[in-house]
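Quick look at coords-v3.txt (compact mmCIF, C-alpha atoms and all ligand atoms):
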```
# COMPACT_ATOMS: atom_id res chain seq x y z
CA MET A 1 -25.91 -32.16 24.23
CA ASN A 2 -22.59 -30.34 24.46
CA ILE A 3 -22.61 -26.64 25.22
CA LEU A 4 -21.96 -24.70 22.02
CA LEU A 5 -19.24 -22.09 21.61
CA GLY A 6 -20.01 -18.75 19.98
CA VAL A 7 -16.81 -16.87 19.17
CA ASN A 8 -16.91 -13.09 19.36
CA VAL A 9 -14.61 -11.52 16.73
CA ASP A 10 -15.04 -7.85 17.75
CA HIS A 11 -11.44 -7.44 18.82
CA VAL A 12 -10.10 -8.38 15.41
CA ALA A 13 -11.78 -5.18 14.25
CA THR A 14 -10.33 -3.31 17.25
CA ILE A 15 -6.81 -4.10 16.00
CA ARG A 16 -7.73 -3.07 12.46
CA ASN A 17 -9.36 0.18 13.55
CA VAL A 18 -6.50 1.51 15.69
CA ARG A 19 -4.43 1.84 12.49
CA GLY A 20 -7.23 2.55 10.02
CA THR A 21 -6.03 -0.32 7.81
CA ASN A 22 -8.20 -2.86 6.04
CA TYR A 23 -6.59 -5.76 7.95
CA PRO A 24 -7.05 -7.92 9.95
CA ASP A 25 -10.51 -8.48 8.48
CA PRO A 26 -13.04 -9.81 11.05
CA THR A 27 -14.93 -11.54 8.23
CA ASP A 28 -11.87 -13.63 7.30
CA VAL A 29 -11.37 -14.50 10.95
CA ALA A 30 -15.07 -15.40 11.32
CA ILE A 31 -14.82 -17.79 8.37
CA PHE A 32 -11.61 -19.29 9.75
CA ALA A 33 -13.17 -19.56 13.23
CA GLU A 34 -16.08 -21.53 11.80
CA LYS A 35 -13.67 -23.93 10.10
CA SER A 36 -11.86 -24.30 13.43
CA GLY A 37 -14.98 -25.45 15.24
CA ALA A 38 -16.81 -22.32 16.37
CA ASP A 39 -20.51 -23.18 16.52
CA GLY A 40 -21.46 -19.59 15.86
CA ILE A 41 -19.97 -16.14 15.43
CA THR A 42 -20.90 -13.21 17.62
CA VAL A 43 -20.38 -9.57 16.70
CA HIS A 44 -21.34 -6.48 18.66
CA VAL A 45 -22.08 -3.46 16.50
CA ARG A 46 -21.75 -0.61 18.97
CA GLU A 47 -23.32 2.74 18.27
CA ASP A 48 -19.88 4.41 18.06
CA TYR A 49 -18.62 1.60 15.71
CA ARG A 50 -15.49 1.31 17.82
CA HIS A 51 -14.83 -2.20 16.52
CA ILE A 52 -17.33 -3.94 14.21
CA ASN A 53 -19.11 -1.63 11.77
CA GLU A 54 -22.29 -2.19 9.78
CA LYS A 55 -20.34 -3.26 6.67
CA ASP A 56 -18.50 -5.95 8.66
CA ALA A 57 -21.79 -7.23 10.06
CA GLU A 58 -23.31 -7.36 6.57
CA LYS A 59 -20.30 -9.24 5.15
CA ILE A 60 -20.18 -11.70 8.02
CA ALA A 61 -23.91 -12.41 7.73
CA GLU A 62 -23.45 -13.07 4.02
CA LYS A 63 -20.39 -15.33 4.27
CA LEU A 64 -21.09 -17.46 7.33
CA GLN A 65 -22.18 -21.06 7.02
CA ASN A 66 -23.22 -21.40 10.67
CA LYS A 67 -25.24 -19.02 12.75
CA MET A 68 -24.49 -15.41 13.47
CA ASN A 69 -25.38 -13.71 16.71
CA LEU A 70 -25.66 -9.93 16.44
CA GLU A 71 -25.32 -8.12 19.75
CA MET A 72 -26.68 -4.62 19.72
CA ALA A 73 -28.24 -1.82 21.70
CA ASN A 74 -31.99 -1.48 21.55
CA THR A 75 -32.11 1.43 19.09
CA LYS A 76 -34.10 2.05 15.91
CA GLN A 77 -30.92 2.09 13.79
CA MET A 78 -29.70 -1.25 15.15
CA VAL A 79 -33.10 -2.91 14.80
CA GLU A 80 -33.15 -1.75 11.15
CA LEU A 81 -29.65 -3.18 10.62
CA ALA A 82 -30.70 -6.53 12.10
CA CYS A 83 -33.86 -6.70 9.99
CA ARG A 84 -31.76 -5.98 6.89
CA ILE A 85 -28.98 -8.55 7.45
CA LYS A 86 -31.10 -11.12 9.30
CA PRO A 87 -28.69 -12.89 11.67
CA LYS A 88 -30.04 -16.10 13.18
CA PHE A 89 -29.81 -14.54 16.67
CA CYS A 90 -29.98 -11.03 17.98
CA CYS A 91 -28.94 -10.31 21.54
CA LEU A 92 -30.12 -6.99 22.96
CA VAL A 93 -27.61 -5.44 25.34
CA PRO A 94 -27.50 -2.16 27.25
CA GLU A 95 -24.89 0.23 25.94
CA LYS A 96 -23.08 3.24 27.34
CA ARG A 97 -20.64 5.14 25.13
CA GLU A 98 -18.01 5.67 27.80
CA GLU A 99 -17.83 2.03 28.96
CA LEU A 100 -14.92 -0.18 27.86
CA THR A 101 -17.23 -3.14 27.46
CA THR A 102 -20.81 -4.05 28.41
CA GLU A 103 -20.96 -3.53 32.17
CA LYS A 104 -24.43 -4.63 33.19
CA GLY A 105 -27.33 -6.66 31.91
CA LEU A 106 -30.43 -5.03 30.45
CA ASP A 107 -32.69 -3.63 33.14
CA LEU A 108 -36.06 -5.03 32.13
CA LEU A 109 -37.74 -3.41 35.14
CA LYS A 110 -37.03 -0.08 33.46
CA TYR A 111 -37.11 -0.94 29.76
CA SER A 112 -39.50 -3.85 29.29
CA GLU A 113 -41.87 -1.85 27.05
CA GLU A 114 -39.12 -0.76 24.60
CA VAL A 115 -37.54 -4.22 24.64
CA PHE A 116 -40.92 -5.83 23.97
CA LEU A 117 -41.52 -3.61 20.92
CA SER A 118 -38.09 -4.27 19.39
CA SER A 119 -38.26 -8.00 20.14
CA LYS A 120 -41.57 -8.13 18.30
CA ILE A 121 -40.11 -6.44 15.19
CA LEU A 122 -37.04 -8.72 15.24
CA SER A 123 -39.09 -11.89 15.77
CA GLU A 124 -41.42 -10.95 12.92
CA SER A 125 -38.32 -10.69 10.77
CA GLY A 126 -37.49 -14.32 11.61
CA ILE A 127 -34.71 -13.54 14.10
CA LEU A 128 -34.41 -15.41 17.41
CA VAL A 129 -34.14 -12.77 20.13
CA SER A 130 -32.03 -13.05 23.23
CA LEU A 131 -31.81 -10.60 26.14
CA PHE A 132 -28.53 -10.06 27.98
CA ILE A 133 -29.53 -9.93 31.64
CA ASP A 134 -28.05 -10.22 35.11
CA PRO A 135 -28.64 -13.54 36.90
CA GLU A 136 -31.75 -12.36 38.76
CA LYS A 137 -35.19 -13.95 39.03
CA LYS A 138 -37.07 -10.69 38.44
CA GLN A 139 -35.20 -10.11 35.16
CA ILE A 140 -35.90 -13.71 34.07
CA ASP A 141 -39.61 -13.32 34.89
CA LEU A 142 -39.76 -10.21 32.70
CA ALA A 143 -37.87 -11.89 29.85
CA ARG A 144 -40.46 -14.66 29.95
CA GLU A 145 -43.29 -12.15 29.94
CA ILE A 146 -41.77 -10.30 26.97
CA GLY A 147 -41.84 -13.66 25.19
CA VAL A 148 -38.27 -14.00 23.88
CA PRO A 149 -36.97 -17.54 23.28
CA PHE A 150 -33.47 -16.91 24.72
CA ILE A 151 -31.69 -15.06 27.48
CA GLU A 152 -27.95 -14.59 27.86
CA ILE A 153 -26.79 -14.53 31.46
CA HIS A 154 -24.14 -11.96 32.28
CA THR A 155 -21.11 -13.84 33.68
CA GLY A 156 -19.00 -10.68 34.06
CA TYR A 157 -19.52 -10.34 37.83
CA TYR A 158 -18.32 -13.95 38.27
CA SER A 159 -15.41 -13.53 35.84
CA ASP A 160 -14.15 -10.28 37.34
CA CYS A 161 -14.12 -11.48 40.96
CA ILE A 162 -10.71 -11.44 42.61
CA ASP A 163 -12.05 -12.58 45.95
CA LYS A 164 -12.62 -16.37 45.86
CA GLN A 165 -15.57 -16.33 48.27
CA ARG A 166 -17.33 -13.61 46.24
CA GLN A 167 -16.73 -15.63 43.10
CA ILE A 168 -18.40 -18.70 44.65
CA GLU A 169 -21.41 -16.52 45.50
CA GLU A 170 -21.59 -15.14 41.95
CA LEU A 171 -21.36 -18.67 40.55
CA LYS A 172 -24.23 -19.75 42.79
CA LYS A 173 -26.38 -16.90 41.44
CA ILE A 174 -25.65 -18.01 37.87
CA LYS A 175 -26.49 -21.65 38.65
CA GLU A 176 -29.79 -20.66 40.26
CA ALA A 177 -30.63 -18.33 37.38
CA VAL A 178 -29.99 -21.03 34.76
CA LYS A 179 -32.18 -23.49 36.67
CA TYR A 180 -34.98 -20.96 37.10
CA ALA A 181 -34.87 -19.88 33.45
CA ARG A 182 -34.96 -23.46 32.20
CA LYS A 183 -37.92 -24.17 34.50
CA ASN A 184 -39.59 -21.23 32.79
CA MET A 185 -38.91 -22.68 29.34
CA LEU A 186 -36.28 -20.13 28.35
CA ASN A 187 -33.18 -21.17 26.41
CA VAL A 188 -30.08 -19.96 28.18
CA ASN A 189 -26.78 -18.65 26.84
CA ALA A 190 -24.06 -17.13 29.00
CA GLY A 191 -21.05 -14.95 28.48
CA HIS A 192 -18.79 -12.06 29.33
CA GLY A 193 -15.28 -12.23 30.68
CA LEU A 194 -15.00 -15.99 30.34
CA ASN A 195 -11.45 -17.26 29.85
CA TYR A 196 -9.36 -20.42 29.90
CA ASP A 197 -9.16 -20.42 33.71
CA ASN A 198 -12.75 -19.67 34.68
CA VAL A 199 -14.86 -21.23 31.88
CA GLN A 200 -15.16 -24.75 33.27
CA GLU A 201 -17.21 -23.85 36.36
CA ILE A 202 -19.75 -22.26 34.03
CA ALA A 203 -19.57 -25.03 31.44
CA LYS A 204 -20.40 -27.60 34.17
CA ILE A 205 -23.84 -26.04 34.68
CA ASP A 206 -26.64 -28.09 33.17
CA GLY A 207 -29.05 -26.29 30.90
CA ILE A 208 -26.76 -23.80 29.15
CA TYR A 209 -27.11 -23.82 25.37
CA GLU A 210 -24.15 -21.67 24.31
CA LEU A 211 -21.25 -19.67 25.74
CA ASN A 212 -20.26 -16.49 23.92
CA ILE A 213 -16.57 -15.80 24.35
CA GLY A 214 -14.37 -13.22 22.63
CA HIS A 215 -11.59 -11.33 24.35
CA SER A 216 -9.76 -14.31 25.86
CA ILE A 217 -9.83 -16.32 22.62
CA ILE A 218 -8.61 -13.45 20.44
CA SER A 219 -5.91 -12.64 23.03
CA ARG A 220 -4.65 -16.22 23.19
CA SER A 221 -4.55 -16.45 19.42
CA ILE A 222 -1.63 -13.96 19.40
CA PHE A 223 0.48 -16.79 20.79
CA PHE A 224 -1.18 -19.93 19.46
CA GLY A 225 -3.33 -18.90 16.50
CA ILE A 226 -7.09 -18.64 16.31
CA SER A 227 -7.67 -22.26 15.34
CA GLU A 228 -5.79 -23.76 18.29
CA SER A 229 -7.30 -21.20 20.66
CA ILE A 230 -10.85 -22.12 19.63
CA LYS A 231 -10.12 -25.84 19.81
CA LYS A 232 -8.61 -25.47 23.27
CA MET A 233 -11.66 -23.52 24.51
CA LYS A 234 -14.06 -26.09 23.05
CA LYS A 235 -12.10 -28.92 24.68
CA LEU A 236 -12.27 -27.20 28.09
CA ILE A 237 -16.02 -26.67 27.69
CA ILE A 238 -16.71 -30.27 26.68
CA GLU A 239 -14.40 -31.74 29.33
CA ALA A 240 -15.95 -29.63 32.11
CA LYS A 241 -19.02 -31.90 32.17
CA LYS A 242 -16.80 -34.92 32.84
CA ILE A 243 -14.98 -33.45 35.85
N1 LIG A 301 -21.83 -11.55 25.57
C1 LIG A 301 -22.15 -10.24 25.55
C2 LIG A 301 -23.57 -9.85 25.63
C3 LIG A 301 -21.15 -9.25 25.39
O1 LIG A 301 -21.48 -7.94 25.39
C4 LIG A 301 -19.82 -9.67 25.23
C5 LIG A 301 -18.75 -8.63 24.99
O2 LIG A 301 -18.99 -8.03 23.74
C6 LIG A 301 -19.54 -11.05 25.26
C7 LIG A 301 -20.56 -11.96 25.45
C8 LIG A 301 -18.15 -11.56 25.11
O3 LIG A 301 -17.38 -11.12 26.18
P1 LIG A 301 -15.82 -11.35 26.22
O4 LIG A 301 -15.23 -10.59 25.07
O5 LIG A 301 -15.43 -10.79 27.55
O6 LIG A 301 -15.58 -12.82 26.11
```

Could you render the structure as structure tokens?
Ligand code: PXP
Amino acid sequence: MNILLGVNVDHVATIRNVRGTNYPDPTDVAIFAEKSGADGITVHVREDYRHINEKDAEKIAEKLQNKMNLEMANTKQMVELACRIKPKFCCLVPEKREELTTEKGLDLLKYSEEVFLSSKILSESGILVSLFIDPEKKQIDLAREIGVPFIEIHTGYYSDCIDKQRQIEELKKIKEAVKYARKNMLNVNAGHGLNYDNVQEIAKIDGIYELNIGHSIISRSIFFGISESIKKMKKLIIEAKKI
């Protein structure tokens, strides 16, 4: 099966919010992205609502034909939002107010109890829970113990590497993590920082279900439009397996 592409539309809301206008509307872009071949739409409702807000998430959940993946911090307010709008997937991520974007995976060594409790509430609401974690065996073991069906492996360390040798090492960690997670019956997504230059090494890895990609697609769409930018990313992902 081909790896699926989840398109993150957060940065459409970033552009809207810097001017306080009602355009561009992330819901319209989400609908258009689906028509252009996105297999799912990802939104991250941050606690400071710096891009997507609760209203956007509600609208997107209502209008989408395909699946929605709601990324969120593990807080009472966010769990209540998820249970209300019922996305197909919920990905729990760590969140710090001052960070530009998610910097690290969830530390399950520290927070497994809290994550377990929220995962239980979300699962009972019919939502498939995913945990955004670093590519480490001990985190995967804990995700399996918590009992979630999915993990999302943080590809940011790989994506951000300037040094080629370091990047090869980060890629190796991701490959080993995917293999280990699949052996442990976890479904595996991956994402963060993936772009048109670095996606194929990740897309070549057997066992990944979906890649969640946002910033590079929305950035490229300034030049080529959202539809072409999604199609180009999908083509790279599919062709990676044939290289
Ligand atoms: N996956 C997770 C868990 C994220 O936090 C993000 C960023 O919101 C992404 C994927 C998408 O990352 P990017 O915008 O760098 O493609």

### Query
Hey, what's within 10 Å of stretch 31-33 of chain A if we count only C-alpha atoms and toss same-chain stuff fewer than 3 positions away? As a PyMOL selection string, please?
chain A and resi 6-9+26-28+36-41+60+63-66+226-231

### Top pick for closest residue to ligand LIG 301 (chain A), considering A:Pro94, A:Pro149, A:Gly225, A:Gly126 and counting only C-alpha atoms and all ligand atoms
A:Pro94

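Distance annotation: of A:Ala181, A:Ile238, A:Cys83, A:Val12, the residue with the minimal separation from A:Asn53 is A:Val12; atom set is all atoms listed in the file.
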
Taking all atoms of ligand LIG 301 (chain A) that appear in the file, build a box with edges along x, y and z, extend it by 4 Å on every side, and state its centre and edge lengths in Å to one decimal, as lines of an AutoDock Vina configuration file.
```
center_x = -19.4
center_y = -10.4
center_z = 25.6
size_x = 16.3
size_y = 12.9
size_z = 11.8
```

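Using all atoms listed in the file, the smallest distance between any of A:Gln77, A:Asn212, A:Asn17, A:Ser159 and ligand LIG 301 (chain A) comes from A:Asn212.
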
### Query
Which protein, DNA or RNA residues have an atom within 10 Å of ligand LIG 301 (chain A), counting only C-alpha atoms and all ligand atoms, as a ChimeraX atom specification?
/A:6-11,42-46,69-73,91-95,100-106,130-133,151-156,159-160,189-195,211-219

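The space separating atom CA of A:Lys235 from atom CA of A:Tyr180 comes to 27.2 Å.
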
### Message
I want to know what sits within 9 Å of A:Ile208, based on all atoms listed in the file, with residues of the same chain fewer than 3 positions away left out; could you give that as a PyMOL selection string?
### Response
chain A and resi 3-4+178+182+187-190+202-205+211

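With distances restricted to all atoms listed in the file, A:Ala143 is the closest residue to A:Met185 from A:Ala143, A:Val115, A:Ile127, A:Ile121.
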
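Our summary of the geometry notes that atom CA of A:Tyr196 is positioned 20.9 Å from atom CA of A:Lys173.
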
Do a neighbour search on A:Lys76 at 9 Å with all atoms listed in the file, toss out local chain neighbours closer than 4 positions, and write the hits as a PDB file with C-alpha atoms, in the coordinates of the input.
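The result, written out as result19.pdb:
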```pdb
ATOM      1  CA  GLU A  80     -33.150  -1.750  11.150  1.00  0.00           C
ATOM      2  CA  LEU A  81     -29.650  -3.180  10.620  1.00  0.00           C
ATOM      3  CA  SER A 118     -38.090  -4.270  19.390  1.00  0.00           C
TER       4      SER A 118
END
```

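Separating atom CA of A:Leu236 from atom CA of A:Glu34 is a distance of 17.7 Å.
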
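Shortest separation to A:Asp141 among A:Gly20, A:Ser112, A:Glu47, A:Leu122 occurs at residue A:Ser112, atoms counted being only C-alpha atoms.
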
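Among A:Asn74, A:Gln165, A:Val29, A:Asn2, the residue with the shortest atom-to-atom distance to A:Glu239, counting only C-alpha atoms, is A:Asn2.
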
Excluding A:Lys120 and residues on its chain fewer than 6 positions from it, collect all residues at most 9 Å away from it, counting all atoms listed in the file, and give them as a PDB file with C-alpha atoms, in the coordinates of the input.
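Saved result, result-v3.pdb, follows:
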```
ATOM      1  CA  VAL A 129     -34.140 -12.770  20.130  1.00  0.00           C
ATOM      2  CA  ILE A 146     -41.770 -10.300  26.970  1.00  0.00           C
ATOM      3  CA  GLY A 147     -41.840 -13.660  25.190  1.00  0.00           C
ATOM      4  CA  VAL A 148     -38.270 -14.000  23.880  1.00  0.00           C
TER       5      VAL A 148
END
```
